[in-house]
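Structure first, commentary second.
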Amino acid sequence: MDNQVQKQLADWLSEQTHTPFYVQRVSEVCGGCIHQAYVFESCDRSYFIKMNQAAQRDIFEAETEALEILARTATICVPRPIGCGCIGERSFLAMERLLFGSKTSDDWRRMGQELAGLHRYTDDQFGWHRDNFIGASPQLNKHYSHWIDFFREQRLRPQFAMAHDAGIQLSNTGALLDAFASRLEGHHPFPSLVHGDLWSGNIGFLEDGSPVIFDPACYFGDRETDIAFSEFFGGFPSSFYAAYEAAWPLPKGYAQRKPFYNLYHVLNHANLFGGHYIQQAQQMINTLIT
């Protein structure tokens with residue numbers, strides 16, 4: 001990052017926080033597979049800043065709004081967003097920098113309890129007030145009164161359409177959509193505020209053990225979608241799930257619904273990264289329609 005961009009960002013941070021901010025050090029850090037990320041430090045403050053091309057500003061705007069609504073629930077810690085904008089041909093999102101520490105079974109239990117508290121923040125319809133993103137893929141959030149219709153039309157069908165448009169050959173997609181509606185018939189969850197992309201790469205613990213969630217893809221949906229994806233890449237410790245169940249038990253049939261919910265993420269990975277995710281998606285489809 002050149003000095004001129006650093007100065008412009010420092011001036012922007014000073015304006016947004018109403019406190020002069022003088023950069024002493026800028027460090028590039030891991031920002032995932034989509035964005036570049038930096039830590040801006042002064043003598044008494046530091047900020048975490050994501051950057052991408054100006055055309056990606058919508059991703060940062062959606063993430064800012066998601067972090068704000070998560071913070072308003074006062075249920076689980078999230079990084080406080082400062083805001084987002086553009087400098088020249090680059091877009092950015094600035095937020096407070098959080099310092100992470102080690103985690104214990106008690107910390108995982110607290111995360112389970114606090115996630116259950118977040119999920120009790122509900123709405124009267126599924127969806128959200130705007131479309132957003134799951135990774136770099138668009139995520140549609142048109143409001144629906146019925147969960148099955150929402151997930152089929154705003155989650156699974158768009159991913160199948162993206163795959164088709166990209167030349168990815170997936171068979172039995174129509175049968176999968178029919179199977180989803182049939183298998184979930186009678187399941188009527190509350191529209192819970194969900195993180196939307198809850199896996200181990202998007203959670204952490206502060207130095208005092210407080211759980212933190214970040215990189216959200218929020219909407220109002222079935223809370224089981226968060227639990228399902230948390231299990232996908234190896235899962236969280238058993239103390240997390242035990243604490244969640246104690247706070248708000250999952251309804252019967254979750255195990256049968258879980259692979260449908262995780263198919264959405266596998267399809268998204270297939271669309272973003274290709275490779276073995278395409279075969280994995282097809283295998284899941286074939287299994288779910290039998």
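Identifiers for the structure tokens are assigned positionally: chains receive A, B, ... in sequence, residues are indexed from 1 per chain, and ligands are indexed from 1 in the order shown.
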Practice problem: Name the residues of range 41-160 of chain A that come out as strand (DSSP E) in a backbone DSSP run; write them as JSON, numbers by chain. | Solution: {"A": [41, 46, 47, 48, 49, 50, 51, 52, 53, 81, 82, 83, 84, 85, 86, 87, 90, 91, 92, 93, 94, 95, 96, 132, 133, 134, 137, 138, 139]}
Keeping only N, CA and C atoms, write the selected residues to a file as a compact mmCIF listing (two decimals), in the first residue's frame.
# COMPACT_ATOMS: atom_id res chain seq x y z
N GLU A 41 -1.98 1.03 12.68
CA GLU A 41 -1.71 1.25 14.11
C GLU A 41 -1.17 2.65 14.35
N SER A 46 -5.80 0.98 16.91
CA SER A 46 -5.51 0.22 15.70
C SER A 46 -6.81 -0.19 15.03
N TYR A 47 -6.76 -0.33 13.73
CA TYR A 47 -7.94 -0.68 12.93
C TYR A 47 -7.59 -1.80 11.96
N PHE A 48 -8.60 -2.59 11.65
CA PHE A 48 -8.48 -3.66 10.67
C PHE A 48 -9.18 -3.18 9.40
N ILE A 49 -8.49 -3.23 8.26
CA ILE A 49 -9.02 -2.67 7.03
C ILE A 49 -8.94 -3.70 5.91
N LYS A 50 -10.08 -3.97 5.29
CA LYS A 50 -10.13 -4.83 4.10
C LYS A 50 -10.15 -3.94 2.87
N MET A 51 -9.52 -4.42 1.79
CA MET A 51 -9.50 -3.64 0.56
C MET A 51 -9.72 -4.56 -0.64
N ASN A 52 -10.35 -3.98 -1.67
CA ASN A 52 -10.58 -4.70 -2.91
C ASN A 52 -10.74 -3.67 -4.03
N GLN A 53 -11.13 -4.12 -5.20
CA GLN A 53 -11.39 -3.19 -6.29
C GLN A 53 -12.64 -2.36 -5.99
N PRO A 81 -17.91 -1.93 13.09
CA PRO A 81 -17.52 -1.32 11.82
C PRO A 81 -17.40 0.19 11.93
N ILE A 82 -16.36 0.74 11.35
CA ILE A 82 -16.21 2.19 11.25
C ILE A 82 -16.93 2.70 10.01
N GLY A 83 -16.87 1.94 8.94
CA GLY A 83 -17.55 2.30 7.71
C GLY A 83 -16.79 1.80 6.50
N CYS A 84 -17.31 2.10 5.32
CA CYS A 84 -16.67 1.67 4.09
C CYS A 84 -16.71 2.81 3.08
N GLY A 85 -15.92 2.69 2.03
CA GLY A 85 -15.87 3.73 1.02
C GLY A 85 -14.93 3.35 -0.09
N CYS A 86 -14.54 4.34 -0.88
CA CYS A 86 -13.62 4.13 -2.00
C CYS A 86 -12.53 5.20 -1.97
N ILE A 87 -11.35 4.79 -2.32
CA ILE A 87 -10.23 5.70 -2.55
C ILE A 87 -9.67 5.35 -3.91
N ARG A 90 -9.87 1.70 -5.45
CA ARG A 90 -9.96 0.69 -4.39
C ARG A 90 -11.11 0.99 -3.46
N SER A 91 -11.83 -0.06 -3.09
CA SER A 91 -12.85 0.05 -2.04
C SER A 91 -12.27 -0.50 -0.75
N PHE A 92 -12.89 -0.12 0.37
CA PHE A 92 -12.36 -0.57 1.66
C PHE A 92 -13.47 -0.66 2.69
N LEU A 93 -13.21 -1.46 3.70
CA LEU A 93 -14.05 -1.56 4.89
C LEU A 93 -13.13 -1.46 6.10
N ALA A 94 -13.42 -0.52 7.00
CA ALA A 94 -12.62 -0.34 8.21
C ALA A 94 -13.43 -0.74 9.43
N MET A 95 -12.80 -1.42 10.35
CA MET A 95 -13.46 -1.83 11.59
C MET A 95 -12.44 -1.83 12.72
N GLU A 96 -12.95 -1.91 13.93
CA GLU A 96 -12.03 -1.99 15.06
C GLU A 96 -11.21 -3.28 14.96
N ASN A 132 -27.18 -9.64 -0.43
CA ASN A 132 -25.80 -9.49 0.03
C ASN A 132 -24.92 -10.52 -0.66
N PHE A 133 -23.95 -11.09 0.04
CA PHE A 133 -22.98 -11.95 -0.62
C PHE A 133 -22.62 -13.11 0.30
N ILE A 134 -22.35 -14.25 -0.34
CA ILE A 134 -21.80 -15.39 0.37
C ILE A 134 -20.43 -15.63 -0.25
N SER A 137 -19.93 -14.50 -4.03
CA SER A 137 -21.13 -14.78 -4.82
C SER A 137 -22.31 -13.95 -4.32
N PRO A 138 -23.16 -13.48 -5.23
CA PRO A 138 -24.37 -12.78 -4.79
C PRO A 138 -25.29 -13.73 -4.03
N GLN A 139 -25.93 -13.20 -2.99
CA GLN A 139 -26.87 -13.97 -2.18
C GLN A 139 -28.19 -13.22 -2.16
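Close contacts of range 73-77 of chain A, defined as residues with an atom at most 8 Å away when counting only C-alpha atoms, with chain neighbours fewer than 6 positions off set aside, comprise Met111, Glu114, Leu115, Gly117, Leu118, Tyr121, Ser210, Pro211, Val212 and Ile213 of chain A.
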Can you write out as CSV which residues of range 60-177 of chain A fall within 8 Å of range 242-255 of chain A, alongside each residue's closest atom pair and its distance in Å to one decimal, counting only C-alpha atoms and ordering rows by chain and ascending residue number?
residue,atom,partner,partner_atom,distance
A:Arg109,CA,A:Ala243,CA,5.1
A:Arg110,CA,A:Ala243,CA,7.3
A:Gly112,CA,A:Tyr244,CA,4.4
A:Gln113,CA,A:Tyr244,CA,5.2
A:Leu115,CA,A:Tyr244,CA,7.3
A:Ala116,CA,A:Tyr244,CA,5.8
Residues as selected, C-alpha atoms, written as an mmCIF file, in the first residue's frame, can you do that?
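File result00.cif, as written:
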data_model
loop_
_atom_site.group_PDB
_atom_site.id
_atom_site.type_symbol
_atom_site.label_atom_id
_atom_site.label_comp_id
_atom_site.auth_asym_id
_atom_site.auth_seq_id
_atom_site.Cartn_x
_atom_site.Cartn_y
_atom_site.Cartn_z
ATOM 1 C CA ARG A 109 -19.866 -23.237 25.796
ATOM 2 C CA ARG A 110 -20.325 -19.491 26.004
ATOM 3 C CA GLY A 112 -23.048 -21.892 22.012
ATOM 4 C CA GLN A 113 -25.153 -19.979 24.515
ATOM 5 C CA LEU A 115 -25.339 -17.992 19.345
ATOM 6 C CA ALA A 116 -28.640 -19.326 20.654
#
Practice problem: Give the alpha helix (DSSP H) residues of range 75-230 of chain A, as DSSP finds them on the backbone, and put them as JSON, numbers by chain. | Solution: {"A": [105, 106, 107, 108, 109, 110, 111, 112, 113, 114, 115, 116, 117, 118, 119, 147, 148, 149, 150, 151, 157, 158, 159, 160, 161, 162, 163, 164, 165, 173, 174, 175, 176, 177, 178, 179, 180, 181, 182, 183, 224, 225, 226, 227, 228, 229, 230]}
Go ahead and write the selection's residues with N, CA and C atoms as a CSV table (one decimal), in the first residue's frame.
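What landed in out_11.csv:
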chain,number,residue,atom,x,y,z
A,105,SER,N,-12.9,-24.9,26.8
A,105,SER,CA,-14.2,-25.5,26.7
A,105,SER,C,-15.3,-24.5,27.3
A,106,ASP,N,-14.9,-23.8,28.3
A,106,ASP,CA,-15.9,-22.8,28.8
A,106,ASP,C,-16.2,-21.7,27.8
A,107,ASP,N,-15.2,-21.3,27.0
A,107,ASP,CA,-15.4,-20.3,26.0
A,107,ASP,C,-16.3,-20.8,24.9
A,108,TRP,N,-16.1,-22.1,24.5
A,108,TRP,CA,-16.9,-22.7,23.5
A,108,TRP,C,-18.3,-22.8,24.0
A,109,ARG,N,-18.5,-23.2,25.2
A,109,ARG,CA,-19.9,-23.2,25.8
A,109,ARG,C,-20.5,-21.9,25.7
A,110,ARG,N,-19.8,-20.9,26.1
A,110,ARG,CA,-20.3,-19.5,26.0
A,110,ARG,C,-20.7,-19.1,24.6
A,111,MET,N,-19.9,-19.6,23.6
A,111,MET,CA,-20.3,-19.3,22.2
A,111,MET,C,-21.6,-20.0,21.9
A,112,GLY,N,-21.8,-21.2,22.3
A,112,GLY,CA,-23.0,-21.9,22.0
A,112,GLY,C,-24.2,-21.2,22.6
A,113,GLN,N,-24.1,-20.7,23.8
A,113,GLN,CA,-25.2,-20.0,24.5
A,113,GLN,C,-25.5,-18.7,23.8
A,114,GLU,N,-24.4,-17.9,23.4
A,114,GLU,CA,-24.6,-16.6,22.8
A,114,GLU,C,-25.1,-16.8,21.4
A,115,LEU,N,-24.8,-17.8,20.7
A,115,LEU,CA,-25.3,-18.0,19.3
A,115,LEU,C,-26.8,-18.3,19.5
A,116,ALA,N,-27.2,-19.1,20.4
A,116,ALA,CA,-28.6,-19.3,20.7
A,116,ALA,C,-29.4,-18.0,21.0
A,117,GLY,N,-28.7,-17.1,21.7
A,117,GLY,CA,-29.3,-15.8,22.0
A,117,GLY,C,-29.5,-15.0,20.7
A,118,LEU,N,-28.5,-15.1,19.8
A,118,LEU,CA,-28.6,-14.3,18.6
A,118,LEU,C,-29.7,-14.9,17.8
A,119,HIS,N,-29.9,-16.2,17.7
A,119,HIS,CA,-31.0,-16.8,16.9
A,119,HIS,C,-32.3,-16.5,17.4
A,147,TRP,N,-40.4,-20.8,4.8
A,147,TRP,CA,-39.0,-21.1,4.8
A,147,TRP,C,-38.7,-22.0,3.6
A,148,ILE,N,-39.4,-23.0,3.3
A,148,ILE,CA,-39.1,-23.9,2.2
A,148,ILE,C,-39.0,-23.2,0.9
A,149,ASP,N,-40.0,-22.3,0.6
A,149,ASP,CA,-40.0,-21.5,-0.6
A,149,ASP,C,-38.7,-20.6,-0.6
A,150,PHE,N,-38.4,-20.0,0.5
A,150,PHE,CA,-37.3,-19.1,0.5
A,150,PHE,C,-36.0,-19.8,0.2
A,151,PHE,N,-35.7,-20.9,0.9
A,151,PHE,CA,-34.4,-21.6,0.7
A,151,PHE,C,-34.3,-22.2,-0.7
A,157,ARG,N,-31.8,-22.7,-6.0
A,157,ARG,CA,-32.0,-22.5,-7.4
A,157,ARG,C,-31.0,-21.5,-8.0
A,158,PRO,N,-30.7,-20.3,-7.3
A,158,PRO,CA,-29.7,-19.4,-7.9
A,158,PRO,C,-28.4,-20.1,-8.0
A,159,GLN,N,-28.0,-20.9,-7.1
A,159,GLN,CA,-26.7,-21.6,-7.2
A,159,GLN,C,-26.7,-22.5,-8.4
A,160,PHE,N,-27.8,-23.2,-8.6
A,160,PHE,CA,-27.9,-24.1,-9.8
A,160,PHE,C,-27.8,-23.3,-11.1
A,161,ALA,N,-28.4,-22.1,-11.1
A,161,ALA,CA,-28.4,-21.2,-12.3
A,161,ALA,C,-27.0,-20.7,-12.5
A,162,MET,N,-26.3,-20.3,-11.5
A,162,MET,CA,-24.9,-19.9,-11.6
A,162,MET,C,-24.0,-21.0,-12.2
A,163,ALA,N,-24.2,-22.2,-11.7
A,163,ALA,CA,-23.4,-23.3,-12.2
A,163,ALA,C,-23.7,-23.5,-13.7
A,164,HIS,N,-25.0,-23.5,-14.1
A,164,HIS,CA,-25.3,-23.7,-15.5
A,164,HIS,C,-24.7,-22.6,-16.3
A,165,ASP,N,-24.8,-21.4,-15.9
A,165,ASP,CA,-24.2,-20.3,-16.7
A,165,ASP,C,-22.7,-20.4,-16.8
A,173,THR,N,-30.8,-31.7,-10.8
A,173,THR,CA,-31.1,-30.5,-10.0
A,173,THR,C,-32.5,-30.3,-9.8
A,174,GLY,N,-33.4,-30.6,-10.8
A,174,GLY,CA,-34.8,-30.5,-10.6
A,174,GLY,C,-35.3,-31.5,-9.5
A,175,ALA,N,-34.8,-32.7,-9.6
A,175,ALA,CA,-35.2,-33.7,-8.6
A,175,ALA,C,-34.8,-33.3,-7.2
A,176,LEU,N,-33.6,-32.6,-7.1
A,176,LEU,CA,-33.2,-32.2,-5.8
A,176,LEU,C,-34.1,-31.1,-5.2
A,177,LEU,N,-34.5,-30.2,-6.0
A,177,LEU,CA,-35.4,-29.1,-5.6
A,177,LEU,C,-36.8,-29.7,-5.1
A,178,ASP,N,-37.2,-30.7,-5.8
A,178,ASP,CA,-38.5,-31.4,-5.4
A,178,ASP,C,-38.3,-32.2,-4.1
A,179,ALA,N,-37.1,-32.9,-4.0
A,179,ALA,CA,-36.8,-33.6,-2.8
A,179,ALA,C,-36.7,-32.7,-1.6
A,180,PHE,N,-36.1,-31.5,-1.8
A,180,PHE,CA,-36.0,-30.6,-0.7
A,180,PHE,C,-37.4,-30.2,-0.2
A,181,ALA,N,-38.3,-29.8,-1.1
A,181,ALA,CA,-39.6,-29.4,-0.6
A,181,ALA,C,-40.4,-30.6,0.0
A,182,SER,N,-40.2,-31.8,-0.5
A,182,SER,CA,-40.9,-32.9,0.1
A,182,SER,C,-40.3,-33.3,1.5
A,183,ARG,N,-39.0,-33.3,1.6
A,183,ARG,CA,-38.4,-33.7,2.9
A,183,ARG,C,-38.6,-32.7,4.0
A,224,GLU,N,-31.0,-23.5,12.0
A,224,GLU,CA,-30.3,-24.8,11.8
A,224,GLU,C,-29.3,-24.6,10.7
A,225,THR,N,-29.4,-23.6,9.8
A,225,THR,CA,-28.4,-23.4,8.7
A,225,THR,C,-27.0,-23.1,9.3
A,226,ASP,N,-27.0,-22.3,10.4
A,226,ASP,CA,-25.8,-21.9,11.1
A,226,ASP,C,-25.2,-23.1,11.7
A,227,ILE,N,-26.0,-23.9,12.4
A,227,ILE,CA,-25.5,-25.1,13.1
A,227,ILE,C,-25.0,-26.1,12.1
A,228,ALA,N,-25.7,-26.3,11.0
A,228,ALA,CA,-25.3,-27.2,10.0
A,228,ALA,C,-23.9,-26.9,9.4
A,229,PHE,N,-23.7,-25.6,9.0
A,229,PHE,CA,-22.4,-25.3,8.4
A,229,PHE,C,-21.3,-25.3,9.4
A,230,SER,N,-21.6,-25.0,10.7
A,230,SER,CA,-20.6,-25.1,11.7
A,230,SER,C,-20.0,-26.5,11.8
Quiz item: Residues at most 12 Å from Val5 in chain A, counting only C-alpha atoms, excluding those fewer than 2 positions away in the same chain, as number ranges by chain?
Solution: A: 1-3, 7-12, 23, 26, 40, 51, 86-92
Could the residues in this selection be written to a file with N, CA and C atoms, as a PDB file, in the first residue's frame?
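Result written to out_21.pdb:
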ATOM      1  N   MET A   1       0.851  -1.191   0.000  1.00  0.00           N
ATOM      2  CA  MET A   1       0.000   0.000   0.000  1.00  0.00           C
ATOM      3  C   MET A   1       0.894   1.251   0.000  1.00  0.00           C
ATOM      4  N   ASP A   2       0.645   2.142  -0.964  1.00  0.00           N
ATOM      5  CA  ASP A   2       1.519   3.310  -1.048  1.00  0.00           C
ATOM      6  C   ASP A   2       1.171   4.356   0.011  1.00  0.00           C
ATOM      7  N   ASN A   3       2.080   5.276   0.221  1.00  0.00           N
ATOM      8  CA  ASN A   3       1.938   6.263   1.294  1.00  0.00           C
ATOM      9  C   ASN A   3       0.728   7.174   1.108  1.00  0.00           C
ATOM     10  N   LYS A   7      -2.248   7.728   3.821  1.00  0.00           N
ATOM     11  CA  LYS A   7      -2.627   9.037   4.348  1.00  0.00           C
ATOM     12  C   LYS A   7      -4.120   9.299   4.163  1.00  0.00           C
ATOM     13  N   GLN A   8      -4.650   8.960   2.992  1.00  0.00           N
ATOM     14  CA  GLN A   8      -6.070   9.181   2.750  1.00  0.00           C
ATOM     15  C   GLN A   8      -6.932   8.347   3.696  1.00  0.00           C
ATOM     16  N   LEU A   9      -6.519   7.109   3.946  1.00  0.00           N
ATOM     17  CA  LEU A   9      -7.263   6.266   4.882  1.00  0.00           C
ATOM     18  C   LEU A   9      -7.159   6.811   6.304  1.00  0.00           C
ATOM     19  N   ALA A  10      -5.986   7.276   6.692  1.00  0.00           N
ATOM     20  CA  ALA A  10      -5.821   7.846   8.027  1.00  0.00           C
ATOM     21  C   ALA A  10      -6.690   9.090   8.196  1.00  0.00           C
ATOM     22  N   ASP A  11      -6.737   9.921   7.165  1.00  0.00           N
ATOM     23  CA  ASP A  11      -7.593  11.114   7.230  1.00  0.00           C
ATOM     24  C   ASP A  11      -9.062  10.717   7.332  1.00  0.00           C
ATOM     25  N   TRP A  12      -9.442   9.705   6.580  1.00  0.00           N
ATOM     26  CA  TRP A  12     -10.831   9.221   6.619  1.00  0.00           C
ATOM     27  C   TRP A  12     -11.172   8.681   8.009  1.00  0.00           C
ATOM     28  N   VAL A  23      -0.947   7.468  11.526  1.00  0.00           N
ATOM     29  CA  VAL A  23      -0.457   6.112  11.284  1.00  0.00           C
ATOM     30  C   VAL A  23       1.018   5.999  11.668  1.00  0.00           C
ATOM     31  N   VAL A  26       1.771   0.156   9.308  1.00  0.00           N
ATOM     32  CA  VAL A  26       0.783  -0.553   8.505  1.00  0.00           C
ATOM     33  C   VAL A  26       1.319  -1.948   8.224  1.00  0.00           C
ATOM     34  N   PHE A  40      -3.852  -0.981  10.612  1.00  0.00           N
ATOM     35  CA  PHE A  40      -3.321   0.372  10.774  1.00  0.00           C
ATOM     36  C   PHE A  40      -3.170   0.625  12.264  1.00  0.00           C
ATOM     37  N   MET A  51      -9.516  -4.417   1.789  1.00  0.00           N
ATOM     38  CA  MET A  51      -9.496  -3.644   0.557  1.00  0.00           C
ATOM     39  C   MET A  51      -9.723  -4.564  -0.642  1.00  0.00           C
ATOM     40  N   CYS A  86     -14.542   4.335  -0.883  1.00  0.00           N
ATOM     41  CA  CYS A  86     -13.616   4.129  -2.000  1.00  0.00           C
ATOM     42  C   CYS A  86     -12.532   5.201  -1.974  1.00  0.00           C
ATOM     43  N   ILE A  87     -11.350   4.785  -2.323  1.00  0.00           N
ATOM     44  CA  ILE A  87     -10.235   5.701  -2.551  1.00  0.00           C
ATOM     45  C   ILE A  87      -9.670   5.347  -3.913  1.00  0.00           C
ATOM     46  N   GLY A  88      -9.861   6.222  -4.866  1.00  0.00           N
ATOM     47  CA  GLY A  88      -9.419   5.930  -6.219  1.00  0.00           C
ATOM     48  C   GLY A  88     -10.115   4.701  -6.760  1.00  0.00           C
ATOM     49  N   GLU A  89      -9.348   3.720  -7.175  1.00  0.00           N
ATOM     50  CA  GLU A  89      -9.894   2.496  -7.750  1.00  0.00           C
ATOM     51  C   GLU A  89     -10.031   1.376  -6.730  1.00  0.00           C
ATOM     52  N   ARG A  90      -9.868   1.701  -5.448  1.00  0.00           N
ATOM     53  CA  ARG A  90      -9.955   0.691  -4.392  1.00  0.00           C
ATOM     54  C   ARG A  90     -11.115   0.987  -3.462  1.00  0.00           C
ATOM     55  N   SER A  91     -11.834  -0.058  -3.089  1.00  0.00           N
ATOM     56  CA  SER A  91     -12.849   0.053  -2.043  1.00  0.00           C
ATOM     57  C   SER A  91     -12.271  -0.504  -0.752  1.00  0.00           C
ATOM     58  N   PHE A  92     -12.891  -0.122   0.373  1.00  0.00           N
ATOM     59  CA  PHE A  92     -12.360  -0.567   1.665  1.00  0.00           C
ATOM     60  C   PHE A  92     -13.471  -0.659   2.692  1.00  0.00           C
TER      61      PHE A  92
END
Exercise. Could you tell me how far CA of Arg80 in chain A lies from CA of Arg97 in chain A, in Å and to one decimal?
Key: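 For CA of Arg80 in chain A relative to CA of Arg97 in chain A, the distance reads 8.5 Å.
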Quiz item: A:Ser27, A:Ser14, A:Gln125, A:Ser239: which is nearest Gly221 in chain A, counting only C-alpha atoms?
Solution: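 Once distances to Gly221 in chain A are computed over only C-alpha atoms, the minimum belongs to A:Gln125.
You will find CA of Phe190 in chain A at 12.3 Å from CA of Tyr219 in chain A.
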Quiz item: CA of Phe214 in chain A to CA of Glu231 in chain A: how many Å, to one decimal?
Solution: 17.3 Å
Exercise. Find, counting only C-alpha atoms, the residue in A:Arg155, A:His18, A:Arg45, A:Arg120 that gets nearest to Leu263 in chain A.
Key: A:Arg155
Practice problem: For Val29 in chain A, work out the shell of residues within 8 Å, counting only C-alpha atoms and skipping chain neighbours fewer than 4 positions away, then give it as a list in words. | Solution: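 With the cut-off at 8 Å, the set is Gln36, Ala37, Tyr38 and Val39 of chain A.
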Take the residues that were just selected and, keeping C-alpha atoms, output them as an mmCIF file, in the first residue's frame.
data_model
loop_
_atom_site.group_PDB
_atom_site.id
_atom_site.type_symbol
_atom_site.label_atom_id
_atom_site.label_comp_id
_atom_site.auth_asym_id
_atom_site.auth_seq_id
_atom_site.Cartn_x
_atom_site.Cartn_y
_atom_site.Cartn_z
ATOM 1 C CA GLN A 36 -6.446 -7.847 0.963
ATOM 2 C CA ALA A 37 -6.310 -6.853 4.618
ATOM 3 C CA TYR A 38 -4.198 -4.492 6.686
ATOM 4 C CA VAL A 39 -3.766 -3.375 10.276
#
Quiz prompt | Selection near His143 in chain A, 10 Å with only C-alpha atoms, sequence-local residues under 3 positions removed, as a PyMOL selection string | solution = chain A and resi 124-130+140+146-147+150+154+219-220
With N, CA and C atoms kept, could you save the residues just selected as a PDB file, in the first residue's frame?
ATOM      1  N   ASP A 124     -40.605 -11.242  11.027  1.00  0.00           N
ATOM      2  CA  ASP A 124     -41.853 -11.898  10.633  1.00  0.00           C
ATOM      3  C   ASP A 124     -41.773 -12.553   9.261  1.00  0.00           C
ATOM      4  N   GLN A 125     -40.645 -12.387   8.536  1.00  0.00           N
ATOM      5  CA  GLN A 125     -40.460 -13.019   7.242  1.00  0.00           C
ATOM      6  C   GLN A 125     -39.021 -13.480   7.079  1.00  0.00           C
ATOM      7  N   PHE A 126     -38.832 -14.431   6.176  1.00  0.00           N
ATOM      8  CA  PHE A 126     -37.493 -14.892   5.840  1.00  0.00           C
ATOM      9  C   PHE A 126     -36.893 -13.971   4.787  1.00  0.00           C
ATOM     10  N   GLY A 127     -35.577 -13.786   4.860  1.00  0.00           N
ATOM     11  CA  GLY A 127     -34.887 -12.905   3.926  1.00  0.00           C
ATOM     12  C   GLY A 127     -34.205 -11.771   4.656  1.00  0.00           C
ATOM     13  N   TRP A 128     -34.005 -10.687   3.939  1.00  0.00           N
ATOM     14  CA  TRP A 128     -33.370  -9.509   4.538  1.00  0.00           C
ATOM     15  C   TRP A 128     -33.792  -8.295   3.746  1.00  0.00           C
ATOM     16  N   HIS A 129     -33.431  -7.112   4.208  1.00  0.00           N
ATOM     17  CA  HIS A 129     -33.874  -5.895   3.529  1.00  0.00           C
ATOM     18  C   HIS A 129     -33.081  -5.621   2.261  1.00  0.00           C
ATOM     19  N   ARG A 130     -32.020  -6.407   2.023  1.00  0.00           N
ATOM     20  CA  ARG A 130     -31.201  -6.222   0.832  1.00  0.00           C
ATOM     21  C   ARG A 130     -30.545  -7.547   0.471  1.00  0.00           C
ATOM     22  N   LEU A 140     -29.223 -13.817  -2.704  1.00  0.00           N
ATOM     23  CA  LEU A 140     -30.514 -13.156  -2.824  1.00  0.00           C
ATOM     24  C   LEU A 140     -31.295 -13.263  -1.521  1.00  0.00           C
ATOM     25  N   HIS A 146     -42.697 -18.338   3.778  1.00  0.00           N
ATOM     26  CA  HIS A 146     -42.478 -19.762   4.038  1.00  0.00           C
ATOM     27  C   HIS A 146     -41.010 -20.124   3.795  1.00  0.00           C
ATOM     28  N   TRP A 147     -40.437 -20.790   4.785  1.00  0.00           N
ATOM     29  CA  TRP A 147     -39.025 -21.109   4.750  1.00  0.00           C
ATOM     30  C   TRP A 147     -38.657 -22.001   3.570  1.00  0.00           C
ATOM     31  N   PHE A 150     -38.414 -19.979   0.494  1.00  0.00           N
ATOM     32  CA  PHE A 150     -37.257 -19.079   0.524  1.00  0.00           C
ATOM     33  C   PHE A 150     -35.979 -19.826   0.182  1.00  0.00           C
ATOM     34  N   GLN A 154     -34.285 -18.781  -3.176  1.00  0.00           N
ATOM     35  CA  GLN A 154     -33.270 -17.760  -2.944  1.00  0.00           C
ATOM     36  C   GLN A 154     -31.889 -18.328  -2.612  1.00  0.00           C
ATOM     37  N   TYR A 219     -28.982 -12.933   7.210  1.00  0.00           N
ATOM     38  CA  TYR A 219     -30.370 -12.852   6.761  1.00  0.00           C
ATOM     39  C   TYR A 219     -31.225 -13.500   7.844  1.00  0.00           C
ATOM     40  N   PHE A 220     -32.517 -13.412   7.704  1.00  0.00           N
ATOM     41  CA  PHE A 220     -33.418 -14.100   8.624  1.00  0.00           C
ATOM     42  C   PHE A 220     -33.792 -15.432   7.992  1.00  0.00           C
TER      43      PHE A 220
END
